[in-house]
$ cat query25.tsv   # TSV, C-alpha atoms (C1' of nucleotides)
chain	number	residue	atom	x	y	z
A	1167	MET	CA	194.98	96.34	204.95
A	1168	SER	CA	191.61	96.36	206.57
A	1169	ARG	CA	192.13	92.82	207.83
A	1170	LYS	CA	194.09	94.24	210.73
A	1171	PRO	CA	191.30	93.64	213.23
A	1172	GLY	CA	191.22	89.97	212.23
A	1173	ALA	CA	194.98	89.62	212.52
A	1174	ILE	CA	195.03	91.35	215.89
A	1175	TYR	CA	192.28	89.09	217.16
A	1176	ARG	CA	194.12	85.93	216.15
A	1177	LYS	CA	197.28	87.17	217.78
A	1178	LEU	CA	195.56	88.06	221.04
A	1179	PHE	CA	193.70	84.78	221.17
A	1180	SER	CA	196.93	82.88	220.56
A	1181	ALA	CA	198.64	84.81	223.33
A	1182	PHE	CA	195.90	84.72	225.96
A	1183	GLY	CA	193.32	82.10	225.03
A	1184	PRO	CA	189.58	82.34	225.83
A	1185	GLN	CA	188.68	84.87	228.54
A	1186	HIS	CA	185.26	83.46	229.47
A	1187	TRP	CA	183.42	86.77	229.65
A	1188	TRP	CA	181.24	88.19	231.11
A	1189	PRO	CA	182.21	87.03	234.63
A	1190	ALA	CA	178.64	86.78	235.98
A	1191	LYS	CA	176.08	84.08	236.63
A	1192	SER	CA	173.08	85.76	235.01
A	1193	GLY	CA	172.20	88.35	232.40
A	1194	PHE	CA	170.84	90.63	235.07
A	1195	GLU	CA	174.09	90.40	237.01
A	1196	VAL	CA	175.91	91.43	233.83
A	1197	ILE	CA	173.79	94.56	233.64
A	1198	LEU	CA	174.45	95.46	237.26
A	1199	GLY	CA	178.15	94.91	236.72
A	1200	ALA	CA	178.13	97.04	233.58
A	1201	ILE	CA	176.69	99.98	235.52
A	1202	LEU	CA	178.80	99.47	238.64
A	1203	THR	CA	182.09	99.19	236.77
A	1204	GLN	CA	181.83	102.63	235.20
A	1205	ASN	CA	185.21	104.29	235.78
A	1206	THR	CA	185.90	101.77	238.54
A	1207	ASN	CA	188.19	98.81	239.15
A	1208	TRP	CA	186.40	95.49	238.63
A	1209	SER	CA	187.56	94.12	242.00
A	1210	ASN	CA	185.58	96.86	243.73
A	1211	VAL	CA	182.53	95.89	241.67
A	1212	GLU	CA	182.90	92.25	242.71
A	1213	LYS	CA	182.69	93.31	246.34
A	1214	ALA	CA	179.51	95.26	245.68
A	1215	LEU	CA	177.93	92.34	243.80
A	1216	ALA	CA	178.97	90.00	246.62
A	1217	ALA	CA	177.33	92.32	249.16
A	1218	LEU	CA	174.10	92.31	247.14
A	1219	LYS	CA	174.19	88.54	246.89
A	1220	GLN	CA	175.00	88.19	250.59
A	1221	SER	CA	171.95	90.27	251.43
A	1222	GLY	CA	169.81	88.02	249.23
A	1223	ASN	CA	168.83	90.80	246.87
A	1224	LEU	CA	170.65	89.98	243.65
A	1225	SER	CA	167.57	90.04	241.45
A	1226	ALA	CA	165.69	92.69	239.49
A	1227	ASP	CA	162.58	92.16	241.55
A	1228	LYS	CA	164.30	92.57	244.93
A	1229	LEU	CA	166.30	95.59	243.82
A	1230	LYS	CA	163.19	97.22	242.39
A	1231	ARG	CA	161.60	97.17	245.85
A	1232	MET	CA	164.75	98.09	247.75
A	1233	PRO	CA	164.94	101.63	249.18
A	1234	PHE	CA	167.47	103.83	247.42
A	1235	LYS	CA	169.56	104.41	250.55
A	1236	LYS	CA	169.86	100.71	251.30
A	1237	LEU	CA	170.95	100.01	247.73
A	1238	ALA	CA	173.53	102.80	247.87
A	1239	LEU	CA	174.95	101.36	251.08
A	1240	LEU	CA	175.24	97.84	249.66
A	1241	ILE	CA	177.10	98.96	246.54
A	1242	ARG	CA	179.33	101.39	248.44
A	1243	SER	CA	182.56	99.57	247.55
A	1244	ALA	CA	182.02	100.20	243.83
A	1245	GLY	CA	182.54	103.94	244.36
A	1246	PHE	CA	180.25	106.76	243.16
A	1247	TYR	CA	177.64	104.82	245.05
A	1248	ASN	CA	174.91	107.45	245.25
A	1249	LEU	CA	175.18	108.05	241.53
A	1250	LYS	CA	175.28	104.36	240.70
A	1251	ALA	CA	172.32	103.55	242.95
A	1252	LEU	CA	170.41	106.18	240.99
A	1253	ARG	CA	171.52	104.61	237.71
A	1254	VAL	CA	170.56	101.10	238.78
A	1255	LYS	CA	167.15	102.44	239.80
A	1256	ALA	CA	166.79	104.25	236.47
A	1257	PHE	CA	167.56	101.04	234.59
A	1258	LEU	CA	165.11	99.05	236.72
A	1259	LYS	CA	162.32	101.53	236.00
A	1260	PHE	CA	162.96	101.15	232.27
A	1261	PHE	CA	163.32	97.37	232.62
A	1262	PHE	CA	159.94	96.92	234.30
A	1263	ASP	CA	158.07	99.66	232.44
A	1264	SER	CA	159.13	98.36	229.03
A	1265	TYR	CA	159.88	94.65	229.55
A	1266	HIS	CA	158.21	93.56	232.78
A	1267	GLY	CA	161.65	92.86	234.22
A	1268	SER	CA	162.21	90.09	231.67
A	1269	LEU	CA	165.49	89.72	229.76
A	1270	ARG	CA	163.81	87.12	227.54
A	1271	ARG	CA	161.34	89.73	226.34
A	1272	MET	CA	164.16	92.19	225.80
A	1273	ARG	CA	166.03	89.73	223.60
A	1274	LEU	CA	163.13	89.67	221.13
A	1275	VAL	CA	163.80	93.30	220.14
A	1276	ASP	CA	166.36	94.24	217.48
A	1277	LYS	CA	169.67	95.64	218.62
A	1278	HIS	CA	169.30	99.13	217.13
A	1279	THR	CA	165.96	99.74	218.80
A	1280	LEU	CA	167.30	98.36	222.08
A	1281	ARG	CA	170.43	100.51	221.89
A	1282	ASP	CA	168.36	103.65	221.44
A	1283	GLN	CA	166.17	102.67	224.36
A	1284	LEU	CA	169.13	101.95	226.62
A	1285	LEU	CA	170.81	105.24	225.72
A	1286	GLY	CA	167.59	106.91	226.80
A	1287	VAL	CA	168.11	105.65	230.36
A	1288	SER	CA	169.97	108.18	232.50
A	1289	GLY	CA	173.34	106.71	233.41
A	1290	ILE	CA	173.63	104.38	230.42
A	1291	GLY	CA	176.01	105.69	227.76
A	1292	PRO	CA	177.52	104.01	224.68
A	1293	GLU	CA	179.86	101.57	226.45
A	1294	THR	CA	177.36	100.48	229.07
A	1295	ALA	CA	174.61	100.08	226.45
A	1296	ASP	CA	176.86	98.02	224.18
A	1297	SER	CA	178.09	95.88	227.09
A	1298	ILE	CA	174.49	95.10	227.98
A	1299	LEU	CA	173.60	94.34	224.35
A	1300	LEU	CA	176.55	92.01	223.88
A	1301	TYR	CA	177.10	90.37	227.25
A	1302	ALA	CA	173.61	90.30	228.73
A	1303	LEU	CA	171.54	89.93	225.56
A	1304	GLY	CA	173.93	88.20	223.18
A	1305	LYS	CA	173.58	90.77	220.40
A	1306	PRO	CA	176.49	91.19	217.95
A	1307	VAL	CA	177.69	94.62	219.09
A	1308	PHE	CA	181.34	95.64	219.49
A	1309	VAL	CA	182.13	97.19	222.88
A	1310	VAL	CA	184.62	100.06	222.98
A	1311	ASP	CA	186.21	101.08	226.27
A	1312	ALA	CA	189.18	103.10	227.53
A	1313	TYR	CA	191.54	100.15	227.01
A	1314	THR	CA	190.41	99.66	223.43
A	1315	ARG	CA	191.01	103.30	222.67
A	1316	ARG	CA	194.41	103.40	224.39
A	1317	ILE	CA	195.64	100.23	222.70
A	1318	LEU	CA	194.65	101.45	219.24
A	1319	LEU	CA	196.22	104.85	219.92
A	1320	ARG	CA	199.50	103.30	221.08
A	1321	HIS	CA	199.64	101.26	217.89
A	1322	ARG	CA	198.63	104.27	215.79
A	1323	LEU	CA	195.58	102.55	214.39
A	1324	ILE	CA	193.18	105.39	215.18
A	1325	LYS	CA	193.45	109.16	215.49
A	1326	ALA	CA	193.28	110.97	218.82
A	1327	GLU	CA	190.12	112.75	217.75
A	1328	ASP	CA	188.25	109.58	216.75
A	1329	ASN	CA	185.04	109.18	218.73
A	1330	TYR	CA	183.30	106.06	220.04
A	1331	ALA	CA	181.54	105.26	216.78
A	1332	ALA	CA	184.73	105.66	214.74
A	1333	ILE	CA	186.64	103.26	216.99
A	1334	GLN	CA	183.77	100.79	216.85
A	1335	ASP	CA	183.79	101.08	213.07
A	1336	PHE	CA	187.50	100.23	212.93
A	1337	PHE	CA	186.51	96.74	214.05
A	1338	THR	CA	183.04	96.23	212.63
A	1339	ARG	CA	183.71	97.34	209.07
A	1340	SER	CA	186.05	94.39	208.46
A	1341	LEU	CA	184.86	91.72	210.89
A	1342	LYS	CA	181.90	89.45	210.37
A	1343	SER	CA	179.09	90.41	212.76
A	1344	ASP	CA	179.46	87.61	215.27
A	1345	ALA	CA	178.52	87.95	218.95
A	1346	LYS	CA	180.87	85.13	219.95
A	1347	VAL	CA	183.87	86.84	218.35
A	1348	PHE	CA	182.90	90.32	219.59
A	1349	ASN	CA	182.55	88.89	223.09
A	1350	GLU	CA	186.00	87.32	223.05
A	1351	TYR	CA	187.65	90.23	221.24
A	1352	HIS	CA	186.64	92.88	223.76
A	1353	ALA	CA	187.64	90.64	226.67
A	1354	LEU	CA	191.03	90.05	225.05
A	1355	LEU	CA	191.56	93.79	224.60
A	1356	VAL	CA	190.84	94.36	228.28
A	1357	LYS	CA	193.29	91.58	229.17
A	1358	LEU	CA	195.94	93.19	226.95
A	1359	GLY	CA	195.18	96.62	228.40
A	1360	LYS	CA	195.50	95.48	231.99
A	1361	ASP	CA	198.67	93.46	231.47
A	1362	TYR	CA	200.62	95.45	228.87
A	1363	CYS	CA	198.99	98.77	228.02
A	1364	GLN	CA	198.53	100.58	231.31
A	1365	LYS	CA	198.24	104.34	231.41
A	1366	SER	CA	201.33	105.07	233.53
A	1367	LYS	CA	203.42	101.92	233.21
A	1368	PRO	CA	202.99	100.50	229.71
A	1369	LYS	CA	204.93	97.34	228.94
A	1370	CYS	CA	205.04	97.99	225.23
A	1371	LYS	CA	208.24	96.00	224.72
A	1372	LEU	CA	206.50	92.90	226.04
A	1373	CYS	CA	203.15	93.53	224.31
A	1374	PRO	CA	202.17	90.49	222.22
A	1375	LEU	CA	201.14	92.85	219.42
A	1376	ASN	CA	204.74	94.05	219.18
A	1377	ASP	CA	206.12	90.59	218.51
A	1378	GLN	CA	207.83	91.27	215.20
A	1379	LYS	CA	207.71	87.66	214.03
A	1380	THR	CA	204.08	87.79	213.08
A	1381	THR	CA	203.35	91.49	212.99
A	1382	PHE	CA	199.90	92.63	211.93
A	1383	ASN	CA	200.92	95.86	210.23
B	1045	DC	C1'	201.93	110.94	248.75
B	1046	DA	C1'	199.94	110.63	243.73
B	1047	DC	C1'	197.71	108.04	240.44
B	1048	DC	C1'	194.52	104.84	238.55
B	1049	DA	C1'	190.25	101.89	237.56
B	1050	DG	C1'	186.02	97.89	231.88
B	1051	DG	C1'	181.86	106.25	232.16
B	1052	DC	C1'	178.35	109.38	232.19
B	1053	DA	C1'	175.70	113.61	232.65
B	1054	DA	C1'	175.37	118.30	233.80
B	1055	DG	C1'	177.36	122.69	233.63
B	1056	DT	C1'	179.94	126.36	231.22
B	1057	DA	C1'	181.30	129.47	227.46
C	448	DT	C1'	179.62	122.44	219.69
C	449	DA	C1'	183.67	121.57	222.73
C	450	DC	C1'	185.63	121.44	227.08
C	451	DT	C1'	185.41	120.93	232.20
C	452	DT	C1'	183.79	119.09	236.49
C	453	DG	C1'	181.49	116.00	239.96
C	454	DC	C1'	180.91	111.55	241.36
C	455	DA	C1'	184.13	108.07	245.60
C	456	DT	C1'	186.00	103.58	246.93
C	457	DG	C1'	190.05	100.64	247.24
C	458	DG	C1'	194.55	99.09	245.37
C	459	DT	C1'	199.48	100.11	243.98
$ encode --input "query25.tsv" --output "structure tokens"
Amino acid sequence: MSRKPGAIYRKLFSAFGPQHWWPAKSGFEVILGAILTQNTNWSNVEKALAALKQSGNLSADKLKRMPFKKLALLIRSAGFYNLKALRVKAFLKFFFDSYHGSLRRMRLVDKHTLRDQLLGVSGIGPETADSILLYALGKPVFVVDAYTRRILLRHRLIKAEDNYAAIQDFFTRSLKSDAKVFNEYHALLVKLGKDYCQKSKPKCKLCPLNDQKTTFN
DNA sequence: CACCAGGCAAGTA
DNA sequence: TACTTGCATGGT
């Protein structure tokens, strides 16, 4: 019954294997990516991150000093660049005001306190906050995104009116709180979403979750 | 050409 | 409280 999330996880992992998330070389890069990828294709974010790296400014310290307009120009390819430059700056202000720009200091704080603090930063909503908690800080938090919601809706596992917290609860109420599993699980859902559960061209017949031999429902 | 991509905040009623 | 709209590039 409520072991569905576990069964789905095993099936996805069997089908796709480890996804090696988050694709970034540092915790700070994860945070930048989490902000830049809001409603944007990841390939466009990679270009923005590459531009920042190319300019030699892929660090909290350098970006803190960088003029807003220069930052906006460098992250142009990620789209919504004025807005996102503002959001990166808002995070950096919080990051230095509260943690001296140190992810190690941030990791010492409990996840609920951190989540509230992150949600207080303009431009950081539930998904971005949870992505930072899980992928940059290693906290056991389940990330819910548009793919997660769409996949569960297609398989009739949630209701259309269910909000972020309800979808998150679908997973967390029956899974052990384990950052390693939450990390892999969200990455696998994104993989499934991209390959088989697109908005316009779903490949539901081919979806690994529809393999009737070892169905989860 | 239309539609979409690992959201969020501000405005409106 | 519950919708709607603005934000914008790059790929299919």
$ residues_near_point --input "query25.tsv" --point "(189.6, 108.6, 238.0)" --cutoff "8 Å" --atoms "all atoms listed in the file" --output "list in words"
Asn1205 and Thr1206 of chain A; DC1048 and DA1049 of chain B
$ interface_residues --input "query25.tsv" --of "chain A" --to "chain C" --cutoff "6 Å" --atoms "all atoms listed in the file" --output "list in words"
Ser1243, Gly1245 and Phe1246 of chain A
$ residues_around --input "query25.tsv" --residues "A:Lys1357" --least-positions-apart "2" --cutoff "12 Å" --atoms "all atoms listed in the file" --output "list in words"
Leu1178, Phe1179, Ala1181, Phe1182, Gly1183, Pro1184, Gln1185, His1186, Trp1187, Tyr1313, Thr1314, Ile1317, Glu1350, Tyr1351, His1352, Ala1353, Leu1354, Leu1355, Gly1359, Lys1360, Asp1361, Tyr1362, Cys1363, Gln1364, Cys1373 and Pro1374 of chain A; DG1050 of chain B
$ write_last_selection --input "query25.tsv" --atoms "C-alpha atoms (C1' of nucleotides)" --output "PDB file, in the coordinates of the input"
ATOM      1  CA  LEU A1178     195.560  88.060 221.040  1.00  0.00           C
ATOM      2  CA  PHE A1179     193.700  84.780 221.170  1.00  0.00           C
ATOM      3  CA  ALA A1181     198.640  84.810 223.330  1.00  0.00           C
ATOM      4  CA  PHE A1182     195.900  84.720 225.960  1.00  0.00           C
ATOM      5  CA  GLY A1183     193.320  82.100 225.030  1.00  0.00           C
ATOM      6  CA  PRO A1184     189.580  82.340 225.830  1.00  0.00           C
ATOM      7  CA  GLN A1185     188.680  84.870 228.540  1.00  0.00           C
ATOM      8  CA  HIS A1186     185.260  83.460 229.470  1.00  0.00           C
ATOM      9  CA  TRP A1187     183.420  86.770 229.650  1.00  0.00           C
ATOM     10  CA  TYR A1313     191.540 100.150 227.010  1.00  0.00           C
ATOM     11  CA  THR A1314     190.410  99.660 223.430  1.00  0.00           C
ATOM     12  CA  ILE A1317     195.640 100.230 222.700  1.00  0.00           C
ATOM     13  CA  GLU A1350     186.000  87.320 223.050  1.00  0.00           C
ATOM     14  CA  TYR A1351     187.650  90.230 221.240  1.00  0.00           C
ATOM     15  CA  HIS A1352     186.640  92.880 223.760  1.00  0.00           C
ATOM     16  CA  ALA A1353     187.640  90.640 226.670  1.00  0.00           C
ATOM     17  CA  LEU A1354     191.030  90.050 225.050  1.00  0.00           C
ATOM     18  CA  LEU A1355     191.560  93.790 224.600  1.00  0.00           C
ATOM     19  CA  GLY A1359     195.180  96.620 228.400  1.00  0.00           C
ATOM     20  CA  LYS A1360     195.500  95.480 231.990  1.00  0.00           C
ATOM     21  CA  ASP A1361     198.670  93.460 231.470  1.00  0.00           C
ATOM     22  CA  TYR A1362     200.620  95.450 228.870  1.00  0.00           C
ATOM     23  CA  CYS A1363     198.990  98.770 228.020  1.00  0.00           C
ATOM     24  CA  GLN A1364     198.530 100.580 231.310  1.00  0.00           C
ATOM     25  CA  CYS A1373     203.150  93.530 224.310  1.00  0.00           C
ATOM     26  CA  PRO A1374     202.170  90.490 222.220  1.00  0.00           C
TER      27      PRO A1374
ATOM     28  C1'  DG B1050     186.020  97.890 231.880  1.00  0.00           C
TER      29       DG B1050
END
$ interface_residues --input "query25.tsv" --of "chain A" --to "chain B" --cutoff "7 Å" --atoms "all atoms listed in the file" --output "list in words"
Thr1203, Gln1204, Asn1205, Thr1206, Asn1207, Gly1289, Gly1291, Asp1311 and Val1356 of chain A
$ write_last_selection --input "query25.tsv" --atoms "C-alpha atoms" --output "PDB file, in the coordinates of the input"
ATOM      1  CA  THR A1203     182.090  99.190 236.770  1.00  0.00           C
ATOM      2  CA  GLN A1204     181.830 102.630 235.200  1.00  0.00           C
ATOM      3  CA  ASN A1205     185.210 104.290 235.780  1.00  0.00           C
ATOM      4  CA  THR A1206     185.900 101.770 238.540  1.00  0.00           C
ATOM      5  CA  ASN A1207     188.190  98.810 239.150  1.00  0.00           C
ATOM      6  CA  GLY A1289     173.340 106.710 233.410  1.00  0.00           C
ATOM      7  CA  GLY A1291     176.010 105.690 227.760  1.00  0.00           C
ATOM      8  CA  ASP A1311     186.210 101.080 226.270  1.00  0.00           C
ATOM      9  CA  VAL A1356     190.840  94.360 228.280  1.00  0.00           C
TER      10      VAL A1356
END
$ axis_aligned_box --input "query25.tsv" --around "stretch 449-459 of chain C" --padding-each-side "4 Å" --output "JSON"
{"center_x": 190.2, "center_y": 110.3, "center_z": 235.0, "size_x": 26.6, "size_y": 30.5, "size_z": 32.5}
$ residues_around --input "query25.tsv" --residues "A:Ala1214" --least-positions-apart "6" --cutoff "12 Å" --atoms "all atoms listed in the file" --output "number ranges by chain"
A: 1195, 1198-1199, 1201-1203, 1206-1208, 1220-1221, 1223-1224, 1237-1247, 1250-1251; C: 456-457
$ write_last_selection --input "query25.tsv" --atoms "C-alpha atoms (C1' of nucleotides)" --output "mmCIF file, in the coordinates of the input"
data_model
loop_
_atom_site.group_PDB
_atom_site.id
_atom_site.type_symbol
_atom_site.label_atom_id
_atom_site.label_comp_id
_atom_site.auth_asym_id
_atom_site.auth_seq_id
_atom_site.Cartn_x
_atom_site.Cartn_y
_atom_site.Cartn_z
ATOM 1 C CA GLU A 1195 174.090 90.400 237.010
ATOM 2 C CA LEU A 1198 174.450 95.460 237.260
ATOM 3 C CA GLY A 1199 178.150 94.910 236.720
ATOM 4 C CA ILE A 1201 176.690 99.980 235.520
ATOM 5 C CA LEU A 1202 178.800 99.470 238.640
ATOM 6 C CA THR A 1203 182.090 99.190 236.770
ATOM 7 C CA THR A 1206 185.900 101.770 238.540
ATOM 8 C CA ASN A 1207 188.190 98.810 239.150
ATOM 9 C CA TRP A 1208 186.400 95.490 238.630
ATOM 10 C CA GLN A 1220 175.000 88.190 250.590
ATOM 11 C CA SER A 1221 171.950 90.270 251.430
ATOM 12 C CA ASN A 1223 168.830 90.800 246.870
ATOM 13 C CA LEU A 1224 170.650 89.980 243.650
ATOM 14 C CA LEU A 1237 170.950 100.010 247.730
ATOM 15 C CA ALA A 1238 173.530 102.800 247.870
ATOM 16 C CA LEU A 1239 174.950 101.360 251.080
ATOM 17 C CA LEU A 1240 175.240 97.840 249.660
ATOM 18 C CA ILE A 1241 177.100 98.960 246.540
ATOM 19 C CA ARG A 1242 179.330 101.390 248.440
ATOM 20 C CA SER A 1243 182.560 99.570 247.550
ATOM 21 C CA ALA A 1244 182.020 100.200 243.830
ATOM 22 C CA GLY A 1245 182.540 103.940 244.360
ATOM 23 C CA PHE A 1246 180.250 106.760 243.160
ATOM 24 C CA TYR A 1247 177.640 104.820 245.050
ATOM 25 C CA LYS A 1250 175.280 104.360 240.700
ATOM 26 C CA ALA A 1251 172.320 103.550 242.950
ATOM 27 C "C1'" DT C 456 186.000 103.580 246.930
ATOM 28 C "C1'" DG C 457 190.050 100.640 247.240
#
$ atom_distance --input "query25.tsv" --atom1 "atom CA of A:Met1232" --atom2 "atom CA of A:Gly1267"
14.8 Å
$ atom_distance --input "query25.tsv" --atom1 "atom CA of A:Phe1348" --atom2 "atom CA of A:Ser1297"
10.5 Å
$ atom_distance --input "query25.tsv" --atom1 "atom CA of A:Lys1235" --atom2 "atom CA of A:Ser1209"
22.4 Å
$ closest_residue --input "query25.tsv" --among "A:Phe1194, A:Leu1274, A:Lys1213, A:Phe1260" --to "A:Lys1228" --atoms "all atoms listed in the file"
A:Phe1194
$ build_atoms --input "query25.tsv" --residues "stretch 1312-1337 of chain A" --atoms "N, CA and C atoms" --output "PDB file, in the frame of the given file"
ATOM      1  N   ALA A1312     187.943 102.306 227.429  1.00  0.00           N
ATOM      2  CA  ALA A1312     189.180 103.100 227.530  1.00  0.00           C
ATOM      3  C   ALA A1312     190.396 102.296 227.098  1.00  0.00           C
ATOM      4  N   TYR A1313     190.413 100.992 227.427  1.00  0.00           N
ATOM      5  CA  TYR A1313     191.540 100.150 227.010  1.00  0.00           C
ATOM      6  C   TYR A1313     191.609 100.036 225.487  1.00  0.00           C
ATOM      7  N   THR A1314     190.463  99.794 224.895  1.00  0.00           N
ATOM      8  CA  THR A1314     190.410  99.660 223.430  1.00  0.00           C
ATOM      9  C   THR A1314     190.994 100.895 222.771  1.00  0.00           C
ATOM     10  N   ARG A1315     190.544 102.039 223.230  1.00  0.00           N
ATOM     11  CA  ARG A1315     191.010 103.300 222.670  1.00  0.00           C
ATOM     12  C   ARG A1315     192.519 103.489 222.870  1.00  0.00           C
ATOM     13  N   ARG A1316     192.992 103.207 224.085  1.00  0.00           N
ATOM     14  CA  ARG A1316     194.410 103.400 224.390  1.00  0.00           C
ATOM     15  C   ARG A1316     195.294 102.464 223.571  1.00  0.00           C
ATOM     16  N   ILE A1317     194.862 101.217 223.465  1.00  0.00           N
ATOM     17  CA  ILE A1317     195.640 100.230 222.700  1.00  0.00           C
ATOM     18  C   ILE A1317     195.741 100.657 221.238  1.00  0.00           C
ATOM     19  N   LEU A1318     194.627 101.050 220.656  1.00  0.00           N
ATOM     20  CA  LEU A1318     194.650 101.450 219.240  1.00  0.00           C
ATOM     21  C   LEU A1318     195.474 102.715 219.041  1.00  0.00           C
ATOM     22  N   LEU A1319     195.416 103.621 220.017  1.00  0.00           N
ATOM     23  CA  LEU A1319     196.220 104.850 219.920  1.00  0.00           C
ATOM     24  C   LEU A1319     197.702 104.535 219.987  1.00  0.00           C
ATOM     25  N   ARG A1320     198.083 103.653 220.925  1.00  0.00           N
ATOM     26  CA  ARG A1320     199.500 103.300 221.080  1.00  0.00           C
ATOM     27  C   ARG A1320     200.053 102.659 219.817  1.00  0.00           C
ATOM     28  N   HIS A1321     199.191 101.929 219.118  1.00  0.00           N
ATOM     29  CA  HIS A1321     199.640 101.260 217.890  1.00  0.00           C
ATOM     30  C   HIS A1321     199.316 102.087 216.647  1.00  0.00           C
ATOM     31  N   ARG A1322     198.896 103.325 216.882  1.00  0.00           N
ATOM     32  CA  ARG A1322     198.630 104.270 215.790  1.00  0.00           C
ATOM     33  C   ARG A1322     197.627 103.755 214.770  1.00  0.00           C
ATOM     34  N   LEU A1323     196.604 103.103 215.278  1.00  0.00           N
ATOM     35  CA  LEU A1323     195.580 102.550 214.390  1.00  0.00           C
ATOM     36  C   LEU A1323     194.337 103.429 214.320  1.00  0.00           C
ATOM     37  N   ILE A1324     194.255 104.398 215.224  1.00  0.00           N
ATOM     38  CA  ILE A1324     193.180 105.390 215.180  1.00  0.00           C
ATOM     39  C   ILE A1324     193.786 106.762 215.438  1.00  0.00           C
ATOM     40  N   LYS A1325     192.996 107.795 215.206  1.00  0.00           N
ATOM     41  CA  LYS A1325     193.450 109.160 215.490  1.00  0.00           C
ATOM     42  C   LYS A1325     192.923 109.587 216.855  1.00  0.00           C
ATOM     43  N   ALA A1326     193.641 110.507 217.481  1.00  0.00           N
ATOM     44  CA  ALA A1326     193.280 110.970 218.820  1.00  0.00           C
ATOM     45  C   ALA A1326     191.860 111.533 218.861  1.00  0.00           C
ATOM     46  N   GLU A1327     191.438 112.119 217.759  1.00  0.00           N
ATOM     47  CA  GLU A1327     190.120 112.750 217.750  1.00  0.00           C
ATOM     48  C   GLU A1327     188.982 111.793 217.393  1.00  0.00           C
ATOM     49  N   ASP A1328     189.294 110.537 217.101  1.00  0.00           N
ATOM     50  CA  ASP A1328     188.250 109.580 216.750  1.00  0.00           C
ATOM     51  C   ASP A1328     187.316 109.336 217.935  1.00  0.00           C
ATOM     52  N   ASN A1329     186.023 109.374 217.656  1.00  0.00           N
ATOM     53  CA  ASN A1329     185.040 109.180 218.730  1.00  0.00           C
ATOM     54  C   ASN A1329     184.669 107.689 218.853  1.00  0.00           C
ATOM     55  N   TYR A1330     183.712 107.432 219.761  1.00  0.00           N
ATOM     56  CA  TYR A1330     183.300 106.060 220.040  1.00  0.00           C
ATOM     57  C   TYR A1330     182.905 105.308 218.772  1.00  0.00           C
ATOM     58  N   ALA A1331     182.046 105.931 217.985  1.00  0.00           N
ATOM     59  CA  ALA A1331     181.540 105.260 216.780  1.00  0.00           C
ATOM     60  C   ALA A1331     182.652 104.957 215.781  1.00  0.00           C
ATOM     61  N   ALA A1332     183.620 105.859 215.679  1.00  0.00           N
ATOM     62  CA  ALA A1332     184.730 105.660 214.740  1.00  0.00           C
ATOM     63  C   ALA A1332     185.598 104.478 215.167  1.00  0.00           C
ATOM     64  N   ILE A1333     185.833 104.365 216.473  1.00  0.00           N
ATOM     65  CA  ILE A1333     186.640 103.260 216.990  1.00  0.00           C
ATOM     66  C   ILE A1333     185.893 101.940 216.787  1.00  0.00           C
ATOM     67  N   GLN A1334     184.606 101.968 217.050  1.00  0.00           N
ATOM     68  CA  GLN A1334     183.770 100.790 216.850  1.00  0.00           C
ATOM     69  C   GLN A1334     183.821 100.367 215.386  1.00  0.00           C
ATOM     70  N   ASP A1335     183.789 101.345 214.508  1.00  0.00           N
ATOM     71  CA  ASP A1335     183.790 101.080 213.070  1.00  0.00           C
ATOM     72  C   ASP A1335     185.099 100.459 212.595  1.00  0.00           C
ATOM     73  N   PHE A1336     186.198 100.820 213.273  1.00  0.00           N
ATOM     74  CA  PHE A1336     187.500 100.230 212.930  1.00  0.00           C
ATOM     75  C   PHE A1336     187.396  98.706 212.945  1.00  0.00           C
ATOM     76  N   PHE A1337     186.660  98.196 213.931  1.00  0.00           N
ATOM     77  CA  PHE A1337     186.510  96.740 214.050  1.00  0.00           C
ATOM     78  C   PHE A1337     185.386  96.208 213.171  1.00  0.00           C
TER      79      PHE A1337
END
